[in-house]
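Here is the file protein05.cif (mmCIF, C-alpha atoms).
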```
data_work
#
loop_
_atom_site.label_atom_id
_atom_site.label_comp_id
_atom_site.auth_asym_id
_atom_site.auth_seq_id
_atom_site.Cartn_x
_atom_site.Cartn_y
_atom_site.Cartn_z
CA MET A 1 171.59 -207.39 55.92
CA GLN A 2 172.05 -205.09 52.94
CA ILE A 3 175.52 -203.77 52.07
CA PHE A 4 175.77 -200.28 50.60
CA PRO A 5 179.18 -199.30 49.23
CA ALA A 6 179.42 -195.51 49.31
CA ILE A 7 180.31 -192.90 46.74
CA ASP A 8 180.76 -189.44 48.24
CA LEU A 9 180.85 -186.73 45.60
CA ARG A 10 182.58 -183.38 45.63
CA ASP A 11 183.18 -181.43 42.42
CA GLY A 12 182.27 -184.60 40.51
CA GLN A 13 185.03 -186.63 42.15
CA VAL A 14 184.89 -189.69 44.42
CA VAL A 15 186.16 -188.51 47.79
CA ARG A 16 186.17 -189.34 51.49
CA LEU A 17 186.19 -186.90 54.37
CA TYR A 18 187.71 -187.53 57.77
CA GLN A 19 185.03 -187.14 60.47
CA GLY A 20 183.00 -184.93 58.17
CA ASP A 21 185.73 -182.30 57.83
CA TYR A 22 185.71 -180.75 54.35
CA ASP A 23 189.31 -179.65 54.89
CA LYS A 24 190.39 -183.26 55.45
CA MET A 25 189.40 -184.73 52.11
CA THR A 26 191.03 -187.52 50.11
CA VAL A 27 190.24 -187.99 46.43
CA TYR A 28 189.88 -191.65 45.46
CA GLY A 29 188.73 -191.34 41.87
CA GLN A 30 187.79 -189.05 39.01
CA ASP A 31 185.08 -191.31 37.54
CA PRO A 32 182.15 -192.07 39.86
CA CYS A 33 180.44 -194.16 37.17
CA ALA A 34 183.48 -196.41 36.96
CA ALA A 35 183.45 -196.78 40.75
CA ALA A 36 179.82 -197.87 40.59
CA ARG A 37 180.62 -200.41 37.88
CA ASP A 38 183.42 -201.82 40.03
CA PHE A 39 180.95 -202.28 42.89
CA ILE A 40 178.54 -204.11 40.59
CA ALA A 41 181.36 -206.37 39.43
CA ALA A 42 182.01 -207.26 43.09
CA GLY A 43 178.37 -208.28 43.53
CA ALA A 44 176.84 -205.10 44.91
CA ARG A 45 173.11 -204.58 44.53
CA TYR A 46 172.88 -201.35 46.52
CA LEU A 47 174.68 -197.99 46.42
CA HIS A 48 174.82 -195.07 48.86
CA VAL A 49 175.59 -191.72 47.21
CA VAL A 50 176.19 -188.44 49.03
CA ASP A 51 176.42 -185.06 47.33
CA LEU A 52 178.83 -183.33 49.72
CA ASP A 53 178.49 -180.02 47.88
CA GLY A 54 174.72 -180.26 48.25
CA ALA A 55 174.99 -181.13 51.94
CA LYS A 56 177.10 -178.05 52.50
CA ASP A 57 175.24 -175.44 50.46
CA GLY A 58 172.05 -177.03 49.12
CA THR A 59 173.10 -176.87 45.46
CA LEU A 60 172.70 -179.52 42.76
CA ALA A 61 176.39 -179.45 41.91
CA ASN A 62 176.64 -183.22 41.40
CA PHE A 63 173.20 -183.88 39.92
CA GLU A 64 174.46 -184.79 36.46
CA THR A 65 176.98 -187.20 37.95
CA ILE A 66 174.28 -188.91 40.01
CA ALA A 67 172.05 -189.04 36.93
CA ALA A 68 174.82 -190.79 35.01
CA ILE A 69 175.30 -193.36 37.77
CA ALA A 70 171.56 -194.04 37.89
CA LYS A 71 171.35 -194.34 34.10
CA GLN A 72 173.89 -197.18 34.15
CA GLY A 73 171.41 -199.34 36.06
CA GLY A 74 172.15 -202.43 38.08
CA LEU A 75 171.95 -200.83 41.52
CA TYR A 76 169.32 -199.71 44.00
CA ILE A 77 170.55 -196.20 44.80
CA GLU A 78 169.90 -194.05 47.82
CA VAL A 79 170.98 -190.40 47.63
CA GLY A 80 171.58 -187.79 50.30
CA GLY A 81 173.04 -184.32 50.51
CA GLY A 82 171.07 -181.10 50.25
CA ILE A 83 167.62 -182.68 49.77
CA ARG A 84 165.43 -180.13 51.52
CA THR A 85 162.37 -179.73 49.28
CA GLU A 86 159.80 -181.99 47.65
CA ASP A 87 160.94 -180.74 44.24
CA ARG A 88 164.43 -182.07 44.96
CA ILE A 89 162.97 -185.40 46.07
CA ARG A 90 161.02 -185.66 42.84
CA GLN A 91 164.07 -184.74 40.75
CA TYR A 92 166.02 -187.65 42.20
CA LEU A 93 163.17 -190.15 42.12
CA ASP A 94 162.57 -189.25 38.47
CA LEU A 95 166.18 -190.30 37.75
CA GLY A 96 165.36 -193.77 39.01
CA VAL A 97 166.89 -193.30 42.46
CA GLY A 98 165.26 -195.68 44.92
CA ARG A 99 165.39 -193.58 48.06
CA CYS A 100 166.09 -190.00 49.10
CA ILE A 101 167.79 -189.25 52.40
CA LEU A 102 166.67 -186.19 54.32
CA GLY A 103 169.20 -184.72 56.72
CA THR A 104 169.25 -181.11 57.86
CA VAL A 105 165.62 -180.53 56.89
CA ALA A 106 164.49 -183.44 59.10
CA VAL A 107 165.75 -181.53 62.12
CA LYS A 108 164.75 -178.05 61.02
CA ASP A 109 161.35 -178.91 59.51
CA PHE A 110 160.10 -182.06 61.18
CA ALA A 111 156.55 -181.58 59.90
CA PHE A 112 157.80 -181.55 56.30
CA THR A 113 159.71 -184.77 56.94
CA ALA A 114 156.63 -186.46 58.37
CA ARG A 115 154.59 -185.39 55.31
CA MET A 116 157.21 -186.72 52.91
CA ALA A 117 157.38 -190.03 54.79
CA GLU A 118 153.61 -190.34 54.60
CA LYS A 119 153.54 -189.50 50.88
CA TYR A 120 156.57 -191.43 49.63
CA GLY A 121 156.88 -194.24 52.18
CA ASP A 122 160.02 -196.34 51.77
CA GLN A 123 161.39 -193.88 49.22
CA ILE A 124 162.25 -191.57 52.11
CA ALA A 125 164.93 -192.16 54.74
CA VAL A 126 166.42 -189.83 57.32
CA GLY A 127 170.14 -189.48 57.86
CA VAL A 128 170.83 -188.98 61.53
CA ASP A 129 174.41 -187.77 61.88
CA ALA A 130 175.52 -187.39 65.48
CA ARG A 131 178.53 -185.94 67.22
CA ASP A 132 178.90 -186.60 70.95
CA GLY A 133 175.39 -188.06 70.85
CA TYR A 134 173.71 -184.94 69.40
CA VAL A 135 172.36 -184.51 65.89
CA ALA A 136 174.54 -182.44 63.55
CA VAL A 137 173.18 -180.43 60.61
CA ASN A 138 174.34 -178.38 57.61
CA GLY A 139 177.05 -180.73 56.42
CA TRP A 140 177.88 -181.70 60.03
CA LYS A 141 179.08 -178.16 60.75
CA GLU A 142 176.42 -177.34 63.40
CA LEU A 143 175.13 -179.28 66.40
CA SER A 144 171.44 -179.29 67.32
CA ASP A 145 170.20 -179.67 70.89
CA GLU A 146 168.52 -183.03 70.18
CA LYS A 147 170.01 -186.38 71.10
CA GLY A 148 170.31 -188.74 68.16
CA VAL A 149 168.63 -191.77 69.69
CA ASP A 150 165.71 -189.65 70.96
CA PHE A 151 165.37 -188.17 67.47
CA CYS A 152 165.17 -191.68 65.99
CA ARG A 153 162.30 -192.52 68.34
CA ARG A 154 160.50 -189.36 67.27
CA LEU A 155 161.05 -190.20 63.61
CA VAL A 156 159.60 -193.70 63.81
CA ASN A 157 156.58 -192.31 65.65
CA ALA A 158 156.10 -189.90 62.73
CA GLY A 159 156.14 -192.71 60.17
CA VAL A 160 159.79 -192.75 59.07
CA THR A 161 160.82 -196.40 58.69
CA THR A 162 164.48 -196.11 57.64
CA VAL A 163 167.24 -194.22 59.43
CA ILE A 164 170.88 -194.02 58.38
CA TYR A 165 172.73 -193.31 61.59
CA THR A 166 176.30 -192.04 61.50
CA ASP A 167 178.54 -191.53 64.51
CA ILE A 168 180.63 -188.70 63.07
CA SER A 169 183.58 -189.42 65.37
CA ARG A 170 183.96 -192.82 63.70
CA ASP A 171 183.38 -191.72 60.11
CA GLY A 172 186.40 -192.11 57.86
CA ALA A 173 188.61 -193.04 60.81
CA GLU A 174 188.73 -196.83 60.29
CA LYS A 175 188.67 -197.28 64.06
CA GLY A 176 185.57 -199.42 64.18
CA THR A 177 181.91 -198.56 64.35
CA ASN A 178 179.87 -197.79 67.47
CA LEU A 179 178.31 -201.20 68.15
CA ASP A 180 176.81 -200.16 71.51
CA LEU A 181 174.90 -197.41 69.72
CA TYR A 182 173.46 -199.81 67.15
CA ARG A 183 172.44 -202.24 69.88
CA GLU A 184 170.47 -199.39 71.46
CA LEU A 185 168.89 -198.42 68.14
CA ALA A 186 167.93 -202.04 67.47
CA GLU A 187 165.54 -201.80 70.42
CA ILE A 188 163.39 -199.18 68.65
CA LYS A 189 160.47 -201.13 67.23
CA GLY A 190 159.49 -200.46 63.64
CA LEU A 191 162.77 -198.78 62.72
CA ARG A 192 165.14 -200.15 60.07
CA VAL A 193 168.62 -198.94 60.93
CA THR A 194 171.51 -198.52 58.53
CA ALA A 195 174.90 -198.40 60.25
CA SER A 196 177.29 -195.80 58.87
CA GLY A 197 180.66 -194.58 60.01
CA GLY A 198 183.82 -196.48 60.80
CA VAL A 199 182.80 -200.01 59.79
CA SER A 200 186.17 -201.61 59.17
CA SER A 201 186.03 -205.37 59.82
CA LEU A 202 184.01 -208.39 58.82
CA ALA A 203 183.54 -209.23 62.51
CA GLU A 204 181.78 -205.89 63.04
CA LEU A 205 179.49 -206.55 60.12
CA GLU A 206 178.64 -209.99 61.42
CA GLU A 207 177.78 -208.48 64.81
CA LEU A 208 175.67 -205.76 63.21
CA ARG A 209 173.72 -208.42 61.36
CA ARG A 210 173.34 -210.49 64.53
CA ILE A 211 171.77 -207.61 66.47
CA GLY A 212 169.30 -206.92 63.66
CA THR A 213 170.83 -203.96 61.83
CA HIS A 214 169.03 -203.64 58.50
CA ALA A 215 171.97 -202.39 56.41
CA ALA A 216 175.52 -201.12 56.59
CA ILE A 217 177.39 -198.51 54.57
CA LEU A 218 181.00 -199.14 53.65
CA GLY A 219 183.18 -196.22 52.69
CA LYS A 220 186.82 -195.60 53.44
CA ALA A 221 187.54 -199.23 54.40
CA LEU A 222 186.70 -200.21 50.82
CA TYR A 223 188.83 -197.51 49.25
CA THR A 224 191.89 -198.28 51.39
CA GLY A 225 191.53 -202.04 50.87
CA ARG A 226 190.88 -202.85 54.51
CA LEU A 227 187.65 -204.55 53.43
CA ASP A 228 187.03 -206.46 50.21
CA LEU A 229 183.52 -205.81 48.95
CA LYS A 230 183.07 -209.19 47.27
CA THR A 231 184.10 -211.01 50.45
CA VAL A 232 181.79 -208.89 52.59
CA ILE A 233 178.80 -209.42 50.31
CA GLN A 234 179.31 -213.16 50.22
CA ALA A 235 179.64 -213.30 54.01
CA VAL A 236 176.86 -211.06 55.33
CA GLN A 237 174.51 -209.80 52.63
CA ASP A 238 171.07 -211.42 52.65
#
```

In structure tokens, what does this structure look like?
Amino acid sequence: MQIFPAIDLRDGQVVRLYQGDYDKMTVYGQDPCAAARDFIAAGARYLHVVDLDGAKDGTLANFETIAAIAKQGGLYIEVGGGIRTEDRIRQYLDLGVGRCILGTVAVKDFAFTARMAEKYGDQIAVGVDARDGYVAVNGWKELSDEKGVDFCRRLVNAGVTTVIYTDISRDGAEKGTNLDLYRELAEIKGLRVTASGGVSSLAELEELRRIGTHAAILGKALYTGRLDLKTVIQAVQD
């Protein structure tokens, strides 16, 4: 299993939101590049970066920050937040980012998502963020009428191989991740699932690996010290 420590960016700062609420934000650092270096020092090989400003309004507010992180090297980086055009995909890939995560656009323009998956292959993932089982869009502010697990089945049939699935109710809450959900997703053939949201114990990570989860994203539990990245990597990362 791959372990992705997370850097969520807002106004160039390292932050965490509680259950996707922009009004419930905690700032954990002023230097995202330093945070990335700390992850490398702990043994990280992968990094999950989210531009929260981009997710909310589609801007490139944190592009220079992401460029600086990528320029440092040493990490396979996946980026999400406001990526809704092929031009934006190319901008990030040209920085050396390994994978772009499509979110809102995957719901609102499924045909575009299928084309990008066909063209860019493993360089495209879809972030499926669900509240009460239904996919949320536009920075988690709106709910669609599509169930998350059904959407994942539709994605894999369209050629998307990697999905980052977040149960919003667990995100940033440190109350544990939704293991039953990931057991269900593990049954979808051909889909590599990244677990995101609420992962807060080594036992959970070991269970996620056991059921065949491809990767896990660690956020708030790292910043609060509940989980130690070096220990996690040594225990569960392939």

inquiry  = Would you pick out the contacts of Phe110 in chain A at 10 Å or less, using only C-alpha atoms, so that residues sharing its chain but fewer than 6 positions from it are not included, and give the list as a ChimeraX atom specification?
reply    = /A:104,116,154-155,158

task = Evaluate the PyMOL selection byres ((chain A and resi 214) around 7) and record the selected residues as number ranges by chain, following the chain and residue labels used in the document.
result = A: 1-2, 192-194, 212-213, 215

query = What lies within 8 Å of Thr65 in chain A using only C-alpha atoms, ignoring chain neighbours under 2 positions off, as a list in words?
reply = Gly12, Pro32, Cys33, Asn62, Phe63, Ala67, Ala68 and Ile69 of chain A

Nearby residues (all atoms listed in the file) at most 8 Å from Arg226 in chain A, same-chain spacing under 4 positions excluded, as a list in words = Ser200, Ser201, Ala221 and Leu222 of chain A

request  = Please evaluate the PyMOL selection byres ((chain A and resi 177) around 12) against the displayed coordinates and give the resulting residues as a ChimeraX atom specification.
outcome  = /A:165-176,178-183,194-205,207-208,216-219,221

key: Distance in Å - CA of Leu102 in chain A versus CA of Glu187 in chain A   =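 CA of Glu187 in chain A lies at a distance of 22.5 Å from CA of Leu102 in chain A.
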
inquiry  = Rounded to one decimal, what separation in Å do you get between CA of Asp150 in chain A and CA of Tyr120 in chain A?
reply    = 23.3 Å

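Remark: for Asp38 in chain A, the closest of the candidate residues A:Cys152, A:Val160, A:Val126, A:Leu75 is A:Leu75 (distances computed over all atoms listed in the file).
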
query = Can you tell me how far CA of Asp122 in chain A sits from CA of Gly148 in chain A, in Å to one decimal?
reply =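 If I compute the distance from CA of Asp122 in chain A to CA of Gly148 in chain A, I get 20.8 Å.
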
Translate the PyMOL selection byres ((chain A and resi 44) around 9), as applied to the file shown, into an explicit residue set as a short mmCIF file (atom, residue, chain, number, x, y, z; two decimals) with C-alpha atoms, in the frame of the given file.
```cif
data_model
loop_
_atom_site.label_atom_id
_atom_site.label_comp_id
_atom_site.auth_asym_id
_atom_site.auth_seq_id
_atom_site.Cartn_x
_atom_site.Cartn_y
_atom_site.Cartn_z
CA ILE A 3 175.52 -203.77 52.07
CA PHE A 4 175.77 -200.28 50.60
CA PRO A 5 179.18 -199.30 49.23
CA ALA A 36 179.82 -197.87 40.59
CA ASP A 38 183.42 -201.82 40.03
CA PHE A 39 180.95 -202.28 42.89
CA ILE A 40 178.54 -204.11 40.59
CA ALA A 41 181.36 -206.37 39.43
CA ALA A 42 182.01 -207.26 43.09
CA GLY A 43 178.37 -208.28 43.53
CA ARG A 45 173.11 -204.58 44.53
CA TYR A 46 172.88 -201.35 46.52
CA LEU A 47 174.68 -197.99 46.42
CA GLY A 74 172.15 -202.43 38.08
CA LEU A 75 171.95 -200.83 41.52
CA LEU A 229 183.52 -205.81 48.95
CA LYS A 230 183.07 -209.19 47.27
CA ILE A 233 178.80 -209.42 50.31
#
```

inquiry  = So, with only C-alpha atoms as the atoms that count, which of A:Asp132, A:Glu118, A:Glu206, A:Glu184 lies closest to Asn157 in chain A?
reply    =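 Smallest distance to Asn157 in chain A is found for A:Glu118.
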